[in-house]
>>> print(open('target-v9.cif').read())   # mmCIF, C-alpha atoms and all ligand atoms
data_my_file
loop_
_atom_site.group_PDB
_atom_site.id
_atom_site.type_symbol
_atom_site.label_atom_id
_atom_site.label_comp_id
_atom_site.auth_asym_id
_atom_site.auth_seq_id
_atom_site.Cartn_x
_atom_site.Cartn_y
_atom_site.Cartn_z
ATOM 1 C CA MET A 19 18.196 -9.673 -12.054
ATOM 2 C CA ASP A 20 17.771 -10.596 -8.446
ATOM 3 C CA ASN A 21 20.379 -8.437 -6.773
ATOM 4 C CA HIS A 22 18.557 -5.691 -4.905
ATOM 5 C CA THR A 23 21.483 -3.378 -4.298
ATOM 6 C CA ILE A 24 21.290 -1.527 -7.585
ATOM 7 C CA ASN A 25 22.440 1.982 -8.403
ATOM 8 C CA THR A 26 19.867 4.567 -9.346
ATOM 9 C CA ASP A 27 20.648 4.564 -13.101
ATOM 10 C CA TYR A 28 18.786 1.301 -13.094
ATOM 11 C CA PHE A 29 15.563 3.098 -12.344
ATOM 12 C CA ASP A 30 15.987 5.761 -14.996
ATOM 13 C CA MET A 31 16.374 3.021 -17.568
ATOM 14 C CA HIS A 32 13.509 0.967 -16.221
ATOM 15 C CA GLN A 33 10.405 3.101 -16.220
ATOM 16 C CA PRO A 34 7.226 1.309 -17.282
ATOM 17 C CA ASN A 35 7.324 1.039 -21.058
ATOM 18 C CA ASP A 36 3.649 1.389 -21.741
ATOM 19 C CA ILE A 37 2.475 4.359 -19.696
ATOM 20 C CA ASP A 38 -0.824 5.713 -20.885
ATOM 21 C CA ASP A 39 -0.093 9.444 -20.850
ATOM 22 C CA LYS A 40 -3.541 10.461 -22.076
ATOM 23 C CA HIS A 41 -5.256 8.969 -19.053
ATOM 24 C CA SER A 42 -5.043 11.034 -15.880
ATOM 25 C CA PHE A 43 -4.718 9.186 -12.579
ATOM 26 C CA ARG A 44 -5.621 10.101 -9.026
ATOM 27 C CA ASN A 45 -8.225 12.555 -10.224
ATOM 28 C CA TYR A 46 -10.466 13.154 -7.224
ATOM 29 C CA THR A 47 -12.660 15.789 -8.829
ATOM 30 C CA ASN A 48 -15.064 13.582 -10.782
ATOM 31 C CA ASP A 49 -18.542 14.113 -9.311
ATOM 32 C CA SER A 50 -19.814 10.552 -9.347
ATOM 33 C CA THR A 51 -16.818 9.096 -7.502
ATOM 34 C CA GLN A 52 -16.145 12.098 -5.340
ATOM 35 C CA SER A 53 -18.628 11.823 -2.523
ATOM 36 C CA LYS A 54 -17.765 8.269 -1.396
ATOM 37 C CA ILE A 55 -14.049 8.827 -1.791
ATOM 38 C CA LYS A 56 -14.196 12.129 0.019
ATOM 39 C CA GLN A 57 -16.167 10.623 2.857
ATOM 40 C CA THR A 58 -13.639 7.800 3.190
ATOM 41 C CA TYR A 59 -10.830 10.356 3.512
ATOM 42 C CA GLN A 60 -12.780 12.467 5.958
ATOM 43 C CA PHE A 61 -13.430 9.490 8.221
ATOM 44 C CA ALA A 62 -9.802 8.380 8.100
ATOM 45 C CA ARG A 63 -8.546 11.852 8.932
ATOM 46 C CA SER A 64 -11.025 12.379 11.777
ATOM 47 C CA HIS A 65 -10.550 8.951 13.399
ATOM 48 C CA GLN A 66 -6.958 7.850 12.921
ATOM 49 C CA SER A 67 -5.242 9.239 16.005
ATOM 50 C CA VAL A 68 -2.170 7.746 17.699
ATOM 51 C CA GLU A 69 -4.436 6.020 20.176
ATOM 52 C CA HIS A 70 -6.662 4.598 17.461
ATOM 53 C CA VAL A 71 -3.716 3.246 15.444
ATOM 54 C CA LEU A 72 -2.253 1.534 18.512
ATOM 55 C CA GLN A 73 -5.644 -0.011 19.180
ATOM 56 C CA MET A 74 -5.823 -1.331 15.604
ATOM 57 C CA HIS A 75 -2.373 -2.903 15.975
ATOM 58 C CA LYS A 76 -3.528 -4.659 19.082
ATOM 59 C CA LYS A 77 -6.764 -5.810 17.537
ATOM 60 C CA TYR A 78 -5.732 -6.841 14.029
ATOM 61 C CA LEU A 79 -2.224 -8.207 14.587
ATOM 62 C CA SER A 80 -3.306 -11.433 16.230
ATOM 63 C CA PHE A 81 -2.382 -13.605 13.209
ATOM 64 C CA SER A 82 -5.086 -16.093 14.012
ATOM 65 C CA HIS A 83 -6.404 -16.676 10.482
ATOM 66 C CA ARG A 84 -4.511 -19.245 8.426
ATOM 67 C CA MET A 85 -5.235 -18.689 4.739
ATOM 68 C CA ARG A 86 -3.898 -19.788 1.386
ATOM 69 C CA ILE A 87 -2.970 -16.862 -0.857
ATOM 70 C CA GLN A 88 -5.185 -18.371 -3.525
ATOM 71 C CA ASP A 89 -8.170 -18.140 -1.174
ATOM 72 C CA VAL A 90 -7.231 -14.585 -0.211
ATOM 73 C CA PHE A 91 -7.457 -13.580 -3.869
ATOM 74 C CA GLU A 92 -10.704 -15.454 -4.200
ATOM 75 C CA LYS A 93 -12.193 -13.566 -1.241
ATOM 76 C CA LEU A 94 -10.839 -10.279 -2.576
ATOM 77 C CA SER A 95 -12.556 -10.805 -5.904
ATOM 78 C CA THR A 96 -15.688 -9.209 -4.482
ATOM 79 C CA PHE A 97 -13.865 -6.341 -2.781
ATOM 80 C CA VAL A 98 -13.736 -3.063 -4.721
ATOM 81 C CA ASP A 99 -11.626 -0.246 -3.255
ATOM 82 C CA ILE A 100 -13.993 2.712 -2.822
ATOM 83 C CA SER A 101 -11.144 5.216 -2.382
ATOM 84 C CA ASP A 102 -9.689 4.525 -5.794
ATOM 85 C CA PRO A 103 -10.913 6.801 -8.597
ATOM 86 C CA ASP A 104 -8.936 4.867 -11.230
ATOM 87 C CA ILE A 105 -10.331 1.365 -11.190
ATOM 88 C CA THR A 106 -13.548 -0.438 -10.399
ATOM 89 C CA LEU A 107 -12.370 -4.004 -11.084
ATOM 90 C CA PRO A 108 -11.771 -6.420 -8.202
ATOM 91 C CA ASN A 109 -8.325 -6.275 -6.703
ATOM 92 C CA TYR A 110 -6.997 -9.512 -8.145
ATOM 93 C CA TYR A 111 -6.946 -7.985 -11.634
ATOM 94 C CA HIS A 112 -5.094 -4.940 -10.363
ATOM 95 C CA GLY A 113 -2.477 -7.228 -8.791
ATOM 96 C CA ILE A 114 -2.008 -9.206 -11.986
ATOM 97 C CA GLN A 115 -1.882 -6.054 -14.128
ATOM 98 C CA THR A 116 0.764 -4.540 -11.858
ATOM 99 C CA ALA A 117 2.829 -7.741 -11.680
ATOM 100 C CA GLU A 118 2.675 -8.406 -15.405
ATOM 101 C CA SER A 119 3.913 -4.912 -16.294
ATOM 102 C CA ILE A 120 6.762 -5.251 -13.818
ATOM 103 C CA ARG A 121 7.633 -8.644 -15.264
ATOM 104 C CA LYS A 122 7.453 -7.409 -18.860
ATOM 105 C CA ASP A 123 9.989 -4.697 -18.078
ATOM 106 C CA GLY A 124 12.464 -7.233 -16.704
ATOM 107 C CA HIS A 125 12.435 -6.308 -13.032
ATOM 108 C CA PRO A 126 13.457 -8.859 -10.370
ATOM 109 C CA GLU A 127 10.958 -11.542 -9.500
ATOM 110 C CA TRP A 128 10.496 -10.368 -5.941
ATOM 111 C CA LEU A 129 9.247 -7.026 -7.311
ATOM 112 C CA GLN A 130 6.845 -8.878 -9.625
ATOM 113 C CA LEU A 131 5.518 -10.772 -6.627
ATOM 114 C CA ILE A 132 5.066 -7.557 -4.667
ATOM 115 C CA GLY A 133 3.150 -6.199 -7.662
ATOM 116 C CA LEU A 134 0.810 -9.143 -7.353
ATOM 117 C CA ILE A 135 0.289 -9.155 -3.587
ATOM 118 C CA HIS A 136 0.818 -5.549 -2.436
ATOM 119 C CA ASP A 137 -2.894 -4.976 -1.819
ATOM 120 C CA ILE A 138 -3.897 -8.298 -0.236
ATOM 121 C CA GLY A 139 -3.854 -6.718 3.226
ATOM 122 C CA LYS A 140 -7.369 -5.586 2.293
ATOM 123 C CA ILE A 141 -8.419 -9.109 3.275
ATOM 124 C CA MET A 142 -8.886 -7.778 6.820
ATOM 125 C CA TYR A 143 -12.388 -6.786 5.688
ATOM 126 C CA LEU A 144 -13.337 -10.442 6.265
ATOM 127 C CA TRP A 145 -12.976 -10.044 10.020
ATOM 128 C CA GLY A 146 -13.270 -6.272 10.132
ATOM 129 C CA CYS A 147 -16.182 -4.067 11.198
ATOM 130 C CA LYS A 148 -17.913 -0.839 10.342
ATOM 131 C CA GLU A 149 -16.725 0.948 13.527
ATOM 132 C CA ASP A 150 -13.064 0.450 12.562
ATOM 133 C CA GLY A 151 -13.703 1.341 8.923
ATOM 134 C CA THR A 152 -12.567 -2.159 8.020
ATOM 135 C CA SER A 153 -15.671 -3.583 6.383
ATOM 136 C CA MET A 154 -16.770 -3.983 2.777
ATOM 137 C CA ASP A 155 -18.966 -0.863 2.944
ATOM 138 C CA THR A 156 -16.908 1.280 5.291
ATOM 139 C CA GLN A 157 -13.268 1.216 4.278
ATOM 140 C CA TRP A 158 -11.476 4.164 5.860
ATOM 141 C CA GLY A 159 -9.363 1.784 7.987
ATOM 142 C CA ILE A 160 -8.277 -0.274 4.962
ATOM 143 C CA VAL A 161 -7.806 1.919 1.905
ATOM 144 C CA GLY A 162 -6.815 5.406 0.804
ATOM 145 C CA ASP A 163 -3.567 7.325 1.189
ATOM 146 C CA THR A 164 -1.950 6.912 4.580
ATOM 147 C CA PHE A 165 -0.269 9.542 6.771
ATOM 148 C CA ILE A 166 2.045 9.480 9.755
ATOM 149 C CA VAL A 167 0.387 9.921 13.144
ATOM 150 C CA GLY A 168 2.105 11.399 16.198
ATOM 151 C CA CYS A 169 3.274 14.477 14.285
ATOM 152 C CA ALA A 170 1.651 17.326 12.349
ATOM 153 C CA LEU A 171 -0.274 16.406 9.211
ATOM 154 C CA PRO A 172 1.205 17.910 6.034
ATOM 155 C CA ASP A 173 -0.876 20.225 3.835
ATOM 156 C CA SER A 174 0.026 18.061 0.869
ATOM 157 C CA LEU A 175 -2.387 15.292 1.912
ATOM 158 C CA VAL A 176 -5.395 14.642 -0.336
ATOM 159 C CA TYR A 177 -8.276 16.817 0.958
ATOM 160 C CA PRO A 178 -6.071 18.875 3.322
ATOM 161 C CA GLU A 179 -9.225 20.624 4.587
ATOM 162 C CA PHE A 180 -9.900 17.525 6.706
ATOM 163 C CA ASN A 181 -6.642 17.991 8.645
ATOM 164 C CA THR A 182 -8.522 20.281 11.028
ATOM 165 C CA GLU A 183 -10.711 17.319 12.019
ATOM 166 C CA HIS A 184 -7.805 15.190 13.168
ATOM 167 C CA PRO A 185 -8.230 14.136 16.829
ATOM 168 C CA ASP A 186 -4.574 14.939 17.690
ATOM 169 C CA LYS A 187 -4.583 18.391 16.108
ATOM 170 C CA ASP A 188 -4.336 20.170 19.477
ATOM 171 C CA HIS A 189 -2.076 17.673 21.200
ATOM 172 C CA PRO A 190 1.008 19.464 22.615
ATOM 173 C CA ILE A 191 3.447 16.989 21.030
ATOM 174 C CA TYR A 192 1.584 15.214 18.235
ATOM 175 C CA SER A 193 0.609 18.493 16.611
ATOM 176 C CA THR A 194 4.219 19.650 16.134
ATOM 177 C CA LYS A 195 6.241 19.052 12.984
ATOM 178 C CA GLN A 196 8.650 16.638 14.664
ATOM 179 C CA GLY A 197 5.935 15.222 16.909
ATOM 180 C CA MET A 198 6.863 12.213 19.036
ATOM 181 C CA TYR A 199 9.801 11.327 16.767
ATOM 182 C CA ALA A 200 13.512 12.022 16.810
ATOM 183 C CA HIS A 201 14.960 13.994 13.894
ATOM 184 C CA GLN A 202 15.582 11.636 10.930
ATOM 185 C CA CYS A 203 14.528 8.618 12.956
ATOM 186 C CA GLY A 204 13.694 6.636 9.802
ATOM 187 C CA LEU A 205 10.218 5.765 8.586
ATOM 188 C CA ASN A 206 10.438 2.206 9.846
ATOM 189 C CA ASN A 207 10.259 3.779 13.311
ATOM 190 C CA VAL A 208 7.115 5.838 12.849
ATOM 191 C CA LEU A 209 3.450 4.969 13.196
ATOM 192 C CA CYS A 210 1.281 5.254 10.072
ATOM 193 C CA SER A 211 -2.475 5.508 9.862
ATOM 194 C CA TRP A 212 -3.973 2.018 9.865
ATOM 195 C CA GLY A 213 -4.656 0.376 6.524
ATOM 196 C CA HIS A 214 -3.796 -2.474 4.182
ATOM 197 C CA ASP A 215 -0.133 -1.363 3.871
ATOM 198 C CA GLU A 216 0.831 -1.700 7.519
ATOM 199 C CA TYR A 217 -1.309 -4.787 7.940
ATOM 200 C CA LEU A 218 0.334 -6.762 5.121
ATOM 201 C CA TYR A 219 3.796 -5.584 6.197
ATOM 202 C CA GLN A 220 3.180 -7.003 9.666
ATOM 203 C CA VAL A 221 1.752 -10.223 8.205
ATOM 204 C CA LEU A 222 4.840 -10.780 6.036
ATOM 205 C CA LYS A 223 7.121 -10.054 9.006
ATOM 206 C CA HIS A 224 5.196 -12.339 11.312
ATOM 207 C CA ASN A 225 5.327 -15.190 8.819
ATOM 208 C CA GLN A 226 9.069 -14.617 8.331
ATOM 209 C CA CYS A 227 8.728 -14.478 4.564
ATOM 210 C CA ILE A 228 12.071 -14.380 2.788
ATOM 211 C CA LEU A 229 11.745 -11.095 0.951
ATOM 212 C CA PRO A 230 14.314 -8.301 0.604
ATOM 213 C CA GLU A 231 13.910 -5.334 2.959
ATOM 214 C CA GLN A 232 13.006 -3.165 -0.049
ATOM 215 C CA ALA A 233 10.033 -5.419 -0.762
ATOM 216 C CA LEU A 234 8.709 -5.007 2.767
ATOM 217 C CA TYR A 235 9.291 -1.265 2.535
ATOM 218 C CA ILE A 236 7.208 -1.018 -0.640
ATOM 219 C CA VAL A 237 4.377 -2.961 0.974
ATOM 220 C CA ARG A 238 4.476 -0.787 4.070
ATOM 221 C CA PHE A 239 4.602 2.631 2.428
ATOM 222 C CA HIS A 240 3.046 2.358 -1.028
ATOM 223 C CA SER A 241 0.001 4.406 0.063
ATOM 224 C CA LEU A 242 2.105 7.027 1.860
ATOM 225 C CA TYR A 243 1.939 9.487 -1.040
ATOM 226 C CA ALA A 244 2.905 12.369 1.248
ATOM 227 C CA HIS A 245 6.276 10.628 1.500
ATOM 228 C CA HIS A 246 7.040 9.197 -1.936
ATOM 229 C CA LYS A 247 5.232 11.800 -4.017
ATOM 230 C CA GLU A 248 5.195 14.985 -1.930
ATOM 231 C CA ARG A 249 8.364 14.430 0.137
ATOM 232 C CA ALA A 250 6.565 15.928 3.135
ATOM 233 C CA TYR A 251 8.437 13.791 5.682
ATOM 234 C CA ASN A 252 12.054 14.619 4.841
ATOM 235 C CA HIS A 253 12.678 15.520 8.480
ATOM 236 C CA LEU A 254 11.769 11.974 9.548
ATOM 237 C CA MET A 255 13.640 10.124 6.805
ATOM 238 C CA GLY A 256 16.746 8.176 7.745
ATOM 239 C CA GLU A 257 19.548 7.075 5.429
ATOM 240 C CA GLN A 258 17.752 3.899 4.467
ATOM 241 C CA ASP A 259 14.652 5.821 3.384
ATOM 242 C CA HIS A 260 16.652 7.732 0.797
ATOM 243 C CA ASP A 261 17.817 4.437 -0.730
ATOM 244 C CA TYR A 262 14.462 2.742 -0.631
ATOM 245 C CA LEU A 263 12.542 5.749 -1.956
ATOM 246 C CA HIS A 264 13.761 4.826 -5.446
ATOM 247 C CA TRP A 265 12.133 1.421 -5.190
ATOM 248 C CA LEU A 266 8.929 2.915 -3.887
ATOM 249 C CA ARG A 267 8.789 5.349 -6.778
ATOM 250 C CA ILE A 268 9.452 2.780 -9.434
ATOM 251 C CA PHE A 269 6.814 0.542 -7.888
ATOM 252 C CA ASN A 270 4.304 3.366 -7.681
ATOM 253 C CA ARG A 271 4.496 3.958 -11.404
ATOM 254 C CA TYR A 272 3.373 0.388 -12.009
ATOM 255 C CA ASP A 273 0.778 0.474 -9.239
ATOM 256 C CA LEU A 274 -0.732 3.606 -10.736
ATOM 257 C CA TYR A 275 -0.221 3.534 -14.481
ATOM 258 C CA THR A 276 -1.237 -0.037 -15.131
ATOM 259 C CA LYS A 277 -4.740 0.621 -13.826
ATOM 260 C CA ASN A 278 -7.555 0.255 -16.287
ATOM 261 C CA ASP A 279 -10.963 -1.357 -16.339
ATOM 262 C CA ASP A 280 -10.244 -3.658 -19.283
ATOM 263 C CA THR A 281 -11.161 -7.226 -18.521
ATOM 264 C CA ILE A 282 -8.029 -9.249 -18.889
ATOM 265 C CA ILE A 283 -7.765 -12.932 -19.624
ATOM 266 C CA ILE A 284 -5.220 -14.579 -17.387
ATOM 267 C CA SER A 285 -3.612 -17.585 -19.069
ATOM 268 C CA GLU A 286 -2.817 -20.858 -17.318
ATOM 269 C CA GLU A 287 0.889 -20.198 -17.927
ATOM 270 C CA THR A 288 0.647 -16.836 -16.128
ATOM 271 C CA LYS A 289 -1.202 -18.376 -13.198
ATOM 272 C CA GLN A 290 1.406 -21.124 -12.889
ATOM 273 C CA TYR A 291 4.208 -18.588 -13.040
ATOM 274 C CA TYR A 292 2.835 -16.634 -10.077
ATOM 275 C CA CYS A 293 1.970 -19.776 -8.133
ATOM 276 C CA LYS A 294 5.662 -20.640 -8.218
ATOM 277 C CA LEU A 295 6.647 -17.192 -6.940
ATOM 278 C CA ILE A 296 4.065 -17.407 -4.177
ATOM 279 C CA ASP A 297 5.394 -20.822 -3.232
ATOM 280 C CA LYS A 298 8.976 -19.651 -3.171
ATOM 281 C CA TYR A 299 8.597 -16.392 -1.260
ATOM 282 C CA LEU A 300 5.442 -16.885 0.763
ATOM 283 C CA ASN A 301 6.050 -20.056 2.729
ATOM 284 C CA GLY A 302 4.501 -22.449 0.249
ATOM 285 C CA GLY A 303 1.490 -20.234 -0.318
ATOM 286 C CA GLU A 304 -0.115 -20.262 3.105
ATOM 287 C CA LEU A 305 0.172 -17.465 5.685
ATOM 288 C CA LEU A 306 -1.204 -16.495 9.072
ATOM 289 C CA PHE A 307 -3.223 -13.323 8.727
HETATM 290 FE FE FE B 401 -2.517 -0.459 -2.109
HETATM 291 FE FE FE B 402 -2.370 -1.110 -5.651
#
>>> encode(input="target-v9.cif", output="structure tokens", more="lines below")
Ligand code: FE
Ligand code: FE
Amino acid sequence: MDNHTINTDYFDMHQPNDIDDKHSFRNYTNDSTQSKIKQTYQFARSHQSVEHVLQMHKKYLSFSHRMRIQDVFEKLSTFVDISDPDITLPNYYHGIQTAESIRKDGHPEWLQLIGLIHDIGKIMYLWGCKEDGTSMDTQWGIVGDTFIVGCALPDSLVYPEFNTEHPDKDHPIYSTKQGMYAHQCGLNNVLCSWGHDEYLYQVLKHNQCILPEQALYIVRFHSLYAHHKERAYNHLMGEQDHDYLHWLRIFNRYDLYTKNDDTIIISEETKQYYCKLIDKYLNGGELLF
């Protein structure tokens, strides 16, 4: 099924088949994980202003690193997302787990591929730095839920108490609900806090990868929980956002519910299968990052 204009019944019939209901996800209250995660969110909230995000665009969107996807995964094998309470395995396994569940449920191959690669924007840690929160140890500029800058922060963000530390909180325009945006301008026209979502979106655009718009949308907004889970940005959503929200939600269920720390053995057949998808959709498997 490769047609991506599908009516919404499709999604009701295609929820992940093996959701682990007993396991709770996105639980930020566990003591041992809490302090590092909380600190990551606090730093993101207190640093990611409009000005900062624009600076990150300027700095990180130079596309001067040519890398094979295979090598990106290799380099990511030592990167563990410190904002994620649900998994401690390297990211490659999370990508495979997500992709394999999507594939098992018969979704289109482009969605499987997005399952595999949606987090590879984290590779910016290789040329990142502590000051930007883009290093292995300091990750507030790479991971965690994102939020829209240039308008008021919703109370539905994780750790809403940190909203008061946002640098634009007293700005005459950026602190208002509508902020610097026109009513229902569409989320592709807003500025999100800097992280692996926006970075990979820009990489895929720059490399002119032949992926449906929905695929790019998922990459760009999969960490914007305030949008796809809390619906806090209805006033900024355009017509397209209402259509694409379904894709984001279906994707999120796989991103979230396939997480576990079981070591998985990846067969040669599986590797070959994804190599072909990477070849087909990602310019022969090599991109400028
Ligand atoms: Fe992610
Ligand atoms: Fe993910």
>>> resolve_selection(input="target-v9.cif", expression="the PyMOL selection byres (((chain A and resi 168) around 7) and not hetatm)", output="PyMOL selection string")
chain A and resi 68+166-167+169+192+197-198
>>> residues_around(input="target-v9.cif", residues="Tyr235 in chain A", least_positions_apart="3", cutoff="10 Å", atoms="all atoms listed in the file", output="PDB file with C-alpha atoms, in the coordinates of the input")
ATOM      1  CA  LEU A 205      10.218   5.765   8.586  1.00  0.00           C
ATOM      2  CA  ASN A 206      10.438   2.206   9.846  1.00  0.00           C
ATOM      3  CA  ASP A 215      -0.133  -1.363   3.871  1.00  0.00           C
ATOM      4  CA  GLU A 216       0.831  -1.700   7.519  1.00  0.00           C
ATOM      5  CA  TYR A 219       3.796  -5.584   6.197  1.00  0.00           C
ATOM      6  CA  PRO A 230      14.314  -8.301   0.604  1.00  0.00           C
ATOM      7  CA  GLU A 231      13.910  -5.334   2.959  1.00  0.00           C
ATOM      8  CA  GLN A 232      13.006  -3.165  -0.049  1.00  0.00           C
ATOM      9  CA  ARG A 238       4.476  -0.787   4.070  1.00  0.00           C
ATOM     10  CA  PHE A 239       4.602   2.631   2.428  1.00  0.00           C
ATOM     11  CA  HIS A 240       3.046   2.358  -1.028  1.00  0.00           C
ATOM     12  CA  ASP A 259      14.652   5.821   3.384  1.00  0.00           C
ATOM     13  CA  TYR A 262      14.462   2.742  -0.631  1.00  0.00           C
ATOM     14  CA  LEU A 263      12.542   5.749  -1.956  1.00  0.00           C
ATOM     15  CA  TRP A 265      12.133   1.421  -5.190  1.00  0.00           C
ATOM     16  CA  LEU A 266       8.929   2.915  -3.887  1.00  0.00           C
TER      17      LEU A 266
END
>>> residues_near_ligand(input="target-v9.cif", ligand="ligand FE 401 (chain B)", cutoff="8 Å", atoms="all atoms listed in the file", output="list in words")
His136, Asp137, Val161, Gly162, His214, Asp215, Val237, His240, Ser241 and Asp273 of chain A
>>> resolve_selection(input="target-v9.cif", expression="the PyMOL selection byres (((chain A and resi 111) around 9) and not hetatm)", output="list in words")
Ser95, Leu107, Pro108, Asn109, Tyr110, His112, Gly113, Ile114, Gln115, Thr116, Leu134, Thr281, Ile282 and Ile284 of chain A
>>> resolve_selection(input="target-v9.cif", expression="the PyMOL selection byres (((chain A and resi 81) around 8) and not hetatm)", output="list in words")
Tyr78, Leu79, Ser80, Ser82, His83, Arg84, Val221, His224, Leu306 and Phe307 of chain A
>>> atom_distance(input="target-v9.cif", atom1="CA of Ser67 in chain A", atom2="CA of Pro103 in chain A")
25.4 Å
>>> atom_distance(input="target-v9.cif", atom1="CA of Met85 in chain A", atom2="CA of Ile141 in chain A")
10.2 Å
